[in-house]
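Enquirer: Next up, model_16.txt (compact mmCIF, C-alpha atoms).
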# COMPACT_ATOMS: atom_id res chain seq x y z
CA MET V 1 8.41 1.80 18.74
CA GLN V 2 6.39 1.00 15.62
CA HIS V 3 8.56 3.37 13.61
CA ALA V 4 11.63 1.41 14.69
CA LEU V 5 9.95 -1.87 13.72
CA SER V 6 9.11 -0.39 10.32
CA TRP V 7 12.77 0.49 9.77
CA LEU V 8 13.81 -2.96 10.98
CA THR V 9 11.78 -4.57 8.21
CA ARG V 10 13.88 -2.65 5.68
CA LEU V 11 17.22 -3.48 7.27
CA ALA V 12 16.72 -7.04 8.57
CA PRO V 13 18.11 -9.79 6.34
CA GLY V 14 15.52 -12.27 7.67
CA ASP V 15 11.93 -12.88 6.68
CA ARG V 16 10.64 -9.42 5.75
CA ILE V 17 7.15 -10.65 5.01
CA THR V 18 6.58 -11.95 8.54
CA LEU V 19 8.02 -8.77 10.07
CA LEU V 20 5.79 -6.62 7.87
CA GLN V 21 2.69 -8.63 8.74
CA ARG V 22 3.44 -8.22 12.46
CA SER V 23 4.08 -4.52 12.01
CA ILE V 24 0.79 -4.03 10.12
CA SER V 25 -1.27 -5.85 12.72
CA LYS V 26 0.35 -3.91 15.58
CA CYS V 27 -0.14 -0.57 13.78
CA GLU V 28 -3.82 -1.37 13.25
CA GLU V 29 -4.10 -2.33 16.91
CA LEU V 30 -2.49 0.96 18.00
CA SER V 31 -4.54 3.06 15.53
CA LEU V 32 -1.57 4.20 13.46
CA PRO V 33 -3.21 4.41 10.00
CA TYR V 34 -0.28 5.98 8.16
CA LEU V 35 2.20 3.29 9.23
CA ALA V 36 -0.34 0.50 8.71
CA SER V 37 -1.13 1.65 5.18
CA LEU V 38 2.54 2.17 4.35
CA GLY V 39 3.29 -1.34 5.65
CA MET V 40 0.54 -2.80 3.46
CA LEU V 41 1.93 -1.06 0.39
CA THR V 42 5.45 -2.22 1.20
CA LEU V 43 4.19 -5.77 1.64
CA CYS V 44 2.52 -5.59 -1.77
CA LYS V 45 5.87 -4.75 -3.34
CA TYR V 46 6.87 -8.32 -2.59
CA ALA V 47 3.93 -9.61 -4.68
CA GLU V 48 6.08 -11.94 -6.73
CA GLU V 49 7.13 -13.75 -3.56
CA PHE V 50 3.50 -14.71 -2.86
CA GLY V 51 3.21 -16.61 -6.13
CA ASP V 52 -0.19 -18.27 -6.00
CA ARG V 53 -1.80 -15.77 -3.59
CA PRO V 54 -2.88 -12.77 -5.69
CA ASN V 55 -6.09 -12.50 -3.66
CA TYR V 56 -3.97 -11.66 -0.59
CA VAL V 57 -2.13 -8.91 -2.46
CA LEU V 58 -5.36 -7.44 -3.85
CA ASP V 59 -6.91 -7.57 -0.37
CA LEU V 60 -3.94 -5.66 1.05
CA LEU V 61 -4.20 -3.05 -1.70
CA THR V 62 -7.92 -2.62 -1.05
CA ARG V 63 -7.47 -2.34 2.72
CA SER V 64 -4.72 0.23 2.19
CA SER V 65 -6.87 2.27 -0.22
CA VAL V 66 -9.81 2.26 2.19
CA MET V 67 -7.56 3.37 5.04
CA ASN V 68 -6.04 6.12 2.89
CA CYS V 69 -9.45 7.49 1.95
CA LYS V 70 -10.85 7.15 5.44
CA HIS V 71 -7.99 9.11 7.02
CA ASN V 72 -7.41 11.41 4.03
CA LEU V 73 -3.82 10.29 3.45
CA THR V 74 -3.42 11.86 0.00
CA GLU V 75 0.26 11.03 -0.49
CA LEU V 76 -0.44 7.37 0.22
CA GLN V 77 -3.39 7.41 -2.18
CA ALA V 78 -0.95 8.20 -4.98
CA ASN V 79 1.50 5.57 -3.70
CA SER V 80 -1.32 3.03 -3.61
CA LEU V 81 -2.07 3.59 -7.28
CA LEU V 82 1.62 3.31 -8.12
CA VAL V 83 2.01 0.02 -6.26
CA ARG V 84 -1.23 -1.31 -7.77
CA GLY V 85 0.05 -0.51 -11.28
CA ASN V 86 3.38 -2.20 -10.55
CA VAL V 87 1.63 -5.29 -9.21
CA TRP V 88 -0.46 -5.63 -12.37
CA SER V 89 2.69 -5.15 -14.44
CA THR V 90 4.47 -7.86 -12.43
CA TRP V 91 1.57 -10.23 -13.08
CA GLY V 92 1.88 -9.68 -16.83
CA ARG V 93 -1.18 -7.48 -17.28
CA PRO V 94 0.19 -4.41 -19.10
CA ARG V 95 -3.22 -2.97 -20.00
CA MET V 96 -4.41 -3.04 -16.41
CA SER V 97 -1.11 -1.47 -15.41
CA GLN V 98 -1.50 1.28 -18.01
CA THR V 99 -5.05 1.98 -16.84
CA ILE V 100 -3.93 2.34 -13.24
CA PHE V 101 -1.03 4.59 -14.25
CA GLN V 102 -3.46 6.77 -16.23
CA LEU V 103 -5.59 7.08 -13.09
CA LEU V 104 -2.47 8.10 -11.20
CA LEU V 105 -1.70 10.78 -13.77
CA GLN V 106 -5.27 12.09 -13.54
CA LEU V 107 -5.28 12.11 -9.73
CA ASN V 108 -6.04 15.53 -8.36
CA SER V 109 -4.45 15.65 -4.95
CA ALA V 110 -5.34 19.31 -4.39
CA SER V 111 -7.50 19.92 -1.38
CA ASN V 112 -10.25 22.41 -0.81
CA LYS V 113 -10.58 24.61 2.29
CA GLU V 114 -12.17 21.86 4.39
CA GLY V 115 -9.27 19.49 3.75
CA ILE V 116 -11.31 17.07 1.65
CA SER V 117 -9.35 15.74 -1.28
CA PHE V 118 -11.05 15.43 -4.64
CA GLN V 119 -10.41 12.53 -6.96
What would the structure in this file look like if it were written as structure tokens?
Expert:
Amino acid sequence: MQHALSWLTRLAPGDRITLLQRSISKCEELSLPYLASLGMLTLCKYAEEFGDRPNYVLDLLTRSSVMNCKHNLTELQANSLLVRGNVWSTWGRPRMSQTIFQLLLQLNSASNKEGISFQ
């Protein structure tokens, strides 16, 4: 059901932000870390719509990064860095954006035998 709600946020012409916030809270409640983290990253893409609330966007990015590391979601770790770099670029901070993109390029997503990813 949460997968359907996630797709609805992409297709619905209404208030995407409210739908995404509901989806994130429900995914956290149901212990669906992948969908919750993906929802947080998607919500951060709408950073320019928040205007005066950059602390909310940075909090979402941090929560997503913690969830990605905790559950070893390597593909979302790379997406998190990409979204973080785009957010800094949107806010007019090109050097921060470049730094984040350099981190993304240096990210080693290879895993060892135990499944622990090295960064």
Enquirer: How many Å separate atom CA of Leu32 of chain V from atom CA of Arg84 of chain V?
Expert: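 Taking atom CA of Leu32 of chain V as the start and atom CA of Arg84 of chain V as the end point, the length is 21.9 Å.
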Enquirer: Extract, using all atoms listed in the file, all DNA, RNA and protein residues at most 10 Å from segment 12-27 of chain V, discarding same-chain residues fewer than 5 positions from it, and format them as a ChimeraX atom specification.
Expert: /V:2-7,32-40,42-44,46,49-50
Enquirer: What is the atom CA of Ile100 of chain V to atom CA of Leu81 of chain V distance in Å?
Expert: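 So the two atoms, atom CA of Ile100 of chain V and atom CA of Leu81 of chain V, lie 6.4 Å apart.
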Enquirer: Using only C-alpha atoms, which of V:Met67, V:Val87, V:Leu73, V:Leu41 sits nearest Pro54 of chain V?
Expert: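 Among V:Met67, V:Val87, V:Leu73, V:Leu41, it is V:Val87 that comes nearest to Pro54 of chain V.
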Enquirer: Grab the atom CA of Asn55 of chain V to atom CA of Thr9 of chain V distance for me, in Å with one decimal place.
Expert: 22.9 Å
Enquirer: Pop chain V out of the structure in the block and write C-alpha atoms as a PDB file, in the first residue's frame.
Expert:
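And here is the file that came out, selection-v1.pdb:
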ATOM      1  CA  MET V   1       0.000   0.000   0.000  1.00  0.00           C
ATOM      2  CA  GLN V   2       2.886   2.341   0.787  1.00  0.00           C
ATOM      3  CA  HIS V   3       4.343   1.709  -2.659  1.00  0.00           C
ATOM      4  CA  ALA V   4       1.060   2.853  -4.200  1.00  0.00           C
ATOM      5  CA  LEU V   5       1.065   5.980  -2.040  1.00  0.00           C
ATOM      6  CA  SER V   6       4.629   6.697  -3.140  1.00  0.00           C
ATOM      7  CA  TRP V   7       3.568   6.523  -6.781  1.00  0.00           C
ATOM      8  CA  LEU V   8       0.531   8.675  -6.036  1.00  0.00           C
ATOM      9  CA  THR V   9       2.795  11.475  -4.829  1.00  0.00           C
ATOM     10  CA  ARG V  10       4.433  11.508  -8.263  1.00  0.00           C
ATOM     11  CA  LEU V  11       1.191  11.457 -10.227  1.00  0.00           C
ATOM     12  CA  ALA V  12      -1.167  13.563  -8.085  1.00  0.00           C
ATOM     13  CA  PRO V  13      -1.594  17.176  -9.214  1.00  0.00           C
ATOM     14  CA  GLY V  14      -2.390  18.269  -5.635  1.00  0.00           C
ATOM     15  CA  ASP V  15      -0.131  19.125  -2.742  1.00  0.00           C
ATOM     16  CA  ARG V  16       2.830  16.780  -3.167  1.00  0.00           C
ATOM     17  CA  ILE V  17       4.573  18.004  -0.044  1.00  0.00           C
ATOM     18  CA  THR V  18       1.721  16.985   2.250  1.00  0.00           C
ATOM     19  CA  LEU V  19       1.397  13.600   0.542  1.00  0.00           C
ATOM     20  CA  LEU V  20       5.130  12.992   0.861  1.00  0.00           C
ATOM     21  CA  GLN V  21       5.142  13.940   4.537  1.00  0.00           C
ATOM     22  CA  ARG V  22       2.294  11.500   5.207  1.00  0.00           C
ATOM     23  CA  SER V  23       4.044   8.784   3.230  1.00  0.00           C
ATOM     24  CA  ILE V  24       7.310   9.287   5.142  1.00  0.00           C
ATOM     25  CA  SER V  25       5.647   9.146   8.539  1.00  0.00           C
ATOM     26  CA  LYS V  26       3.683   6.007   7.603  1.00  0.00           C
ATOM     27  CA  CYS V  27       6.809   4.311   6.191  1.00  0.00           C
ATOM     28  CA  GLU V  28       8.693   5.047   9.414  1.00  0.00           C
ATOM     29  CA  GLU V  29       5.761   3.688  11.400  1.00  0.00           C
ATOM     30  CA  LEU V  30       5.713   0.477   9.334  1.00  0.00           C
ATOM     31  CA  SER V  31       9.531   0.079   9.420  1.00  0.00           C
ATOM     32  CA  LEU V  32      10.033   0.533   5.677  1.00  0.00           C
ATOM     33  CA  PRO V  33      13.446   2.266   5.666  1.00  0.00           C
ATOM     34  CA  TYR V  34      14.005   2.228   1.907  1.00  0.00           C
ATOM     35  CA  LEU V  35      10.695   3.939   1.112  1.00  0.00           C
ATOM     36  CA  ALA V  36      11.049   6.359   4.030  1.00  0.00           C
ATOM     37  CA  SER V  37      14.531   7.426   2.944  1.00  0.00           C
ATOM     38  CA  LEU V  38      13.484   7.699  -0.693  1.00  0.00           C
ATOM     39  CA  GLY V  39      10.511   9.840   0.354  1.00  0.00           C
ATOM     40  CA  MET V  40      12.787  12.143   2.352  1.00  0.00           C
ATOM     41  CA  LEU V  41      15.099  12.581  -0.622  1.00  0.00           C
ATOM     42  CA  THR V  42      12.165  13.265  -2.926  1.00  0.00           C
ATOM     43  CA  LEU V  43      10.813  15.821  -0.479  1.00  0.00           C
ATOM     44  CA  CYS V  44      14.200  17.556  -0.429  1.00  0.00           C
ATOM     45  CA  LYS V  45      14.004  17.979  -4.203  1.00  0.00           C
ATOM     46  CA  TYR V  46      11.260  20.502  -3.548  1.00  0.00           C
ATOM     47  CA  ALA V  47      13.649  22.590  -1.410  1.00  0.00           C
ATOM     48  CA  GLU V  48      12.912  25.800  -3.263  1.00  0.00           C
ATOM     49  CA  GLU V  49       9.246  25.492  -2.309  1.00  0.00           C
ATOM     50  CA  PHE V  50      10.152  25.655   1.392  1.00  0.00           C
ATOM     51  CA  GLY V  51      11.748  29.080   1.015  1.00  0.00           C
ATOM     52  CA  ASP V  52      12.609  30.154   4.540  1.00  0.00           C
ATOM     53  CA  ARG V  53      12.887  26.631   6.010  1.00  0.00           C
ATOM     54  CA  PRO V  54      16.369  25.350   5.102  1.00  0.00           C
ATOM     55  CA  ASN V  55      16.691  23.766   8.547  1.00  0.00           C
ATOM     56  CA  TYR V  56      13.801  21.425   7.644  1.00  0.00           C
ATOM     57  CA  VAL V  57      15.500  20.386   4.408  1.00  0.00           C
ATOM     58  CA  LEU V  58      18.847  19.807   6.139  1.00  0.00           C
ATOM     59  CA  ASP V  59      17.092  17.808   8.862  1.00  0.00           C
ATOM     60  CA  LEU V  60      15.455  15.597   6.220  1.00  0.00           C
ATOM     61  CA  LEU V  61      18.796  15.054   4.493  1.00  0.00           C
ATOM     62  CA  THR V  62      20.443  14.115   7.785  1.00  0.00           C
ATOM     63  CA  ARG V  63      17.646  11.731   8.768  1.00  0.00           C
ATOM     64  CA  SER V  64      17.833  10.107   5.334  1.00  0.00           C
ATOM     65  CA  SER V  65      21.627   9.718   5.552  1.00  0.00           C
ATOM     66  CA  VAL V  66      21.399   8.159   9.010  1.00  0.00           C
ATOM     67  CA  MET V  67      18.734   5.743   7.815  1.00  0.00           C
ATOM     68  CA  ASN V  68      20.797   4.836   4.745  1.00  0.00           C
ATOM     69  CA  CYS V  69      23.868   4.077   6.834  1.00  0.00           C
ATOM     70  CA  LYS V  70      21.925   2.244   9.516  1.00  0.00           C
ATOM     71  CA  HIS V  71      20.257  -0.098   7.016  1.00  0.00           C
ATOM     72  CA  ASN V  72      23.201  -0.202   4.572  1.00  0.00           C
ATOM     73  CA  LEU V  73      21.240   1.256   1.643  1.00  0.00           C
ATOM     74  CA  THR V  74      24.247   2.002  -0.571  1.00  0.00           C
ATOM     75  CA  GLU V  75      22.319   3.178  -3.632  1.00  0.00           C
ATOM     76  CA  LEU V  76      20.434   5.692  -1.514  1.00  0.00           C
ATOM     77  CA  GLN V  77      23.686   6.887   0.066  1.00  0.00           C
ATOM     78  CA  ALA V  78      24.814   8.004  -3.381  1.00  0.00           C
ATOM     79  CA  ASN V  79      21.398   9.548  -4.090  1.00  0.00           C
ATOM     80  CA  SER V  80      21.567  11.389  -0.781  1.00  0.00           C
ATOM     81  CA  LEU V  81      24.847  13.024  -1.754  1.00  0.00           C
ATOM     82  CA  LEU V  82      23.425  13.946  -5.150  1.00  0.00           C
ATOM     83  CA  VAL V  83      20.334  15.565  -3.640  1.00  0.00           C
ATOM     84  CA  ARG V  84      22.448  17.336  -1.002  1.00  0.00           C
ATOM     85  CA  GLY V  85      24.683  18.795  -3.734  1.00  0.00           C
ATOM     86  CA  ASN V  86      21.651  19.941  -5.737  1.00  0.00           C
ATOM     87  CA  VAL V  87      20.122  21.569  -2.662  1.00  0.00           C
ATOM     88  CA  TRP V  88      23.298  23.559  -1.994  1.00  0.00           C
ATOM     89  CA  SER V  89      23.395  24.551  -5.662  1.00  0.00           C
ATOM     90  CA  THR V  90      19.750  25.693  -5.480  1.00  0.00           C
ATOM     91  CA  TRP V  91      20.581  27.825  -2.446  1.00  0.00           C
ATOM     92  CA  GLY V  92      23.366  29.573  -4.353  1.00  0.00           C
ATOM     93  CA  ARG V  93      26.306  27.865  -2.652  1.00  0.00           C
ATOM     94  CA  PRO V  94      28.355  26.508  -5.579  1.00  0.00           C
ATOM     95  CA  ARG V  95      31.436  25.661  -3.499  1.00  0.00           C
ATOM     96  CA  MET V  96      29.438  23.562  -1.057  1.00  0.00           C
ATOM     97  CA  SER V  97      27.778  21.905  -4.025  1.00  0.00           C
ATOM     98  CA  GLN V  98      31.143  21.154  -5.629  1.00  0.00           C
ATOM     99  CA  THR V  99      32.458  19.703  -2.376  1.00  0.00           C
ATOM    100  CA  ILE V 100      29.475  17.385  -2.051  1.00  0.00           C
ATOM    101  CA  PHE V 101      29.779  16.308  -5.689  1.00  0.00           C
ATOM    102  CA  GLN V 102      33.477  15.540  -5.119  1.00  0.00           C
ATOM    103  CA  LEU V 103      32.466  13.351  -2.178  1.00  0.00           C
ATOM    104  CA  LEU V 104      29.998  11.605  -4.465  1.00  0.00           C
ATOM    105  CA  LEU V 105      32.710  10.956  -7.035  1.00  0.00           C
ATOM    106  CA  GLN V 106      34.997   9.558  -4.328  1.00  0.00           C
ATOM    107  CA  LEU V 107      32.282   7.332  -2.836  1.00  0.00           C
ATOM    108  CA  ASN V 108      33.317   3.714  -2.819  1.00  0.00           C
ATOM    109  CA  SER V 109      30.115   1.727  -2.896  1.00  0.00           C
ATOM    110  CA  ALA V 110      31.906  -1.615  -3.154  1.00  0.00           C
ATOM    111  CA  SER V 111      31.144  -3.987  -0.333  1.00  0.00           C
ATOM    112  CA  ASN V 112      33.329  -6.499   1.398  1.00  0.00           C
ATOM    113  CA  LYS V 113      32.324 -10.110   2.141  1.00  0.00           C
ATOM    114  CA  GLU V 114      30.333  -9.178   5.254  1.00  0.00           C
ATOM    115  CA  GLY V 115      28.175  -6.720   3.316  1.00  0.00           C
ATOM    116  CA  ILE V 116      29.579  -3.646   5.067  1.00  0.00           C
ATOM    117  CA  SER V 117      30.043  -0.752   2.705  1.00  0.00           C
ATOM    118  CA  PHE V 118      33.179   1.346   2.955  1.00  0.00           C
ATOM    119  CA  GLN V 119      33.136   5.086   2.490  1.00  0.00           C
TER     120      GLN V 119
END
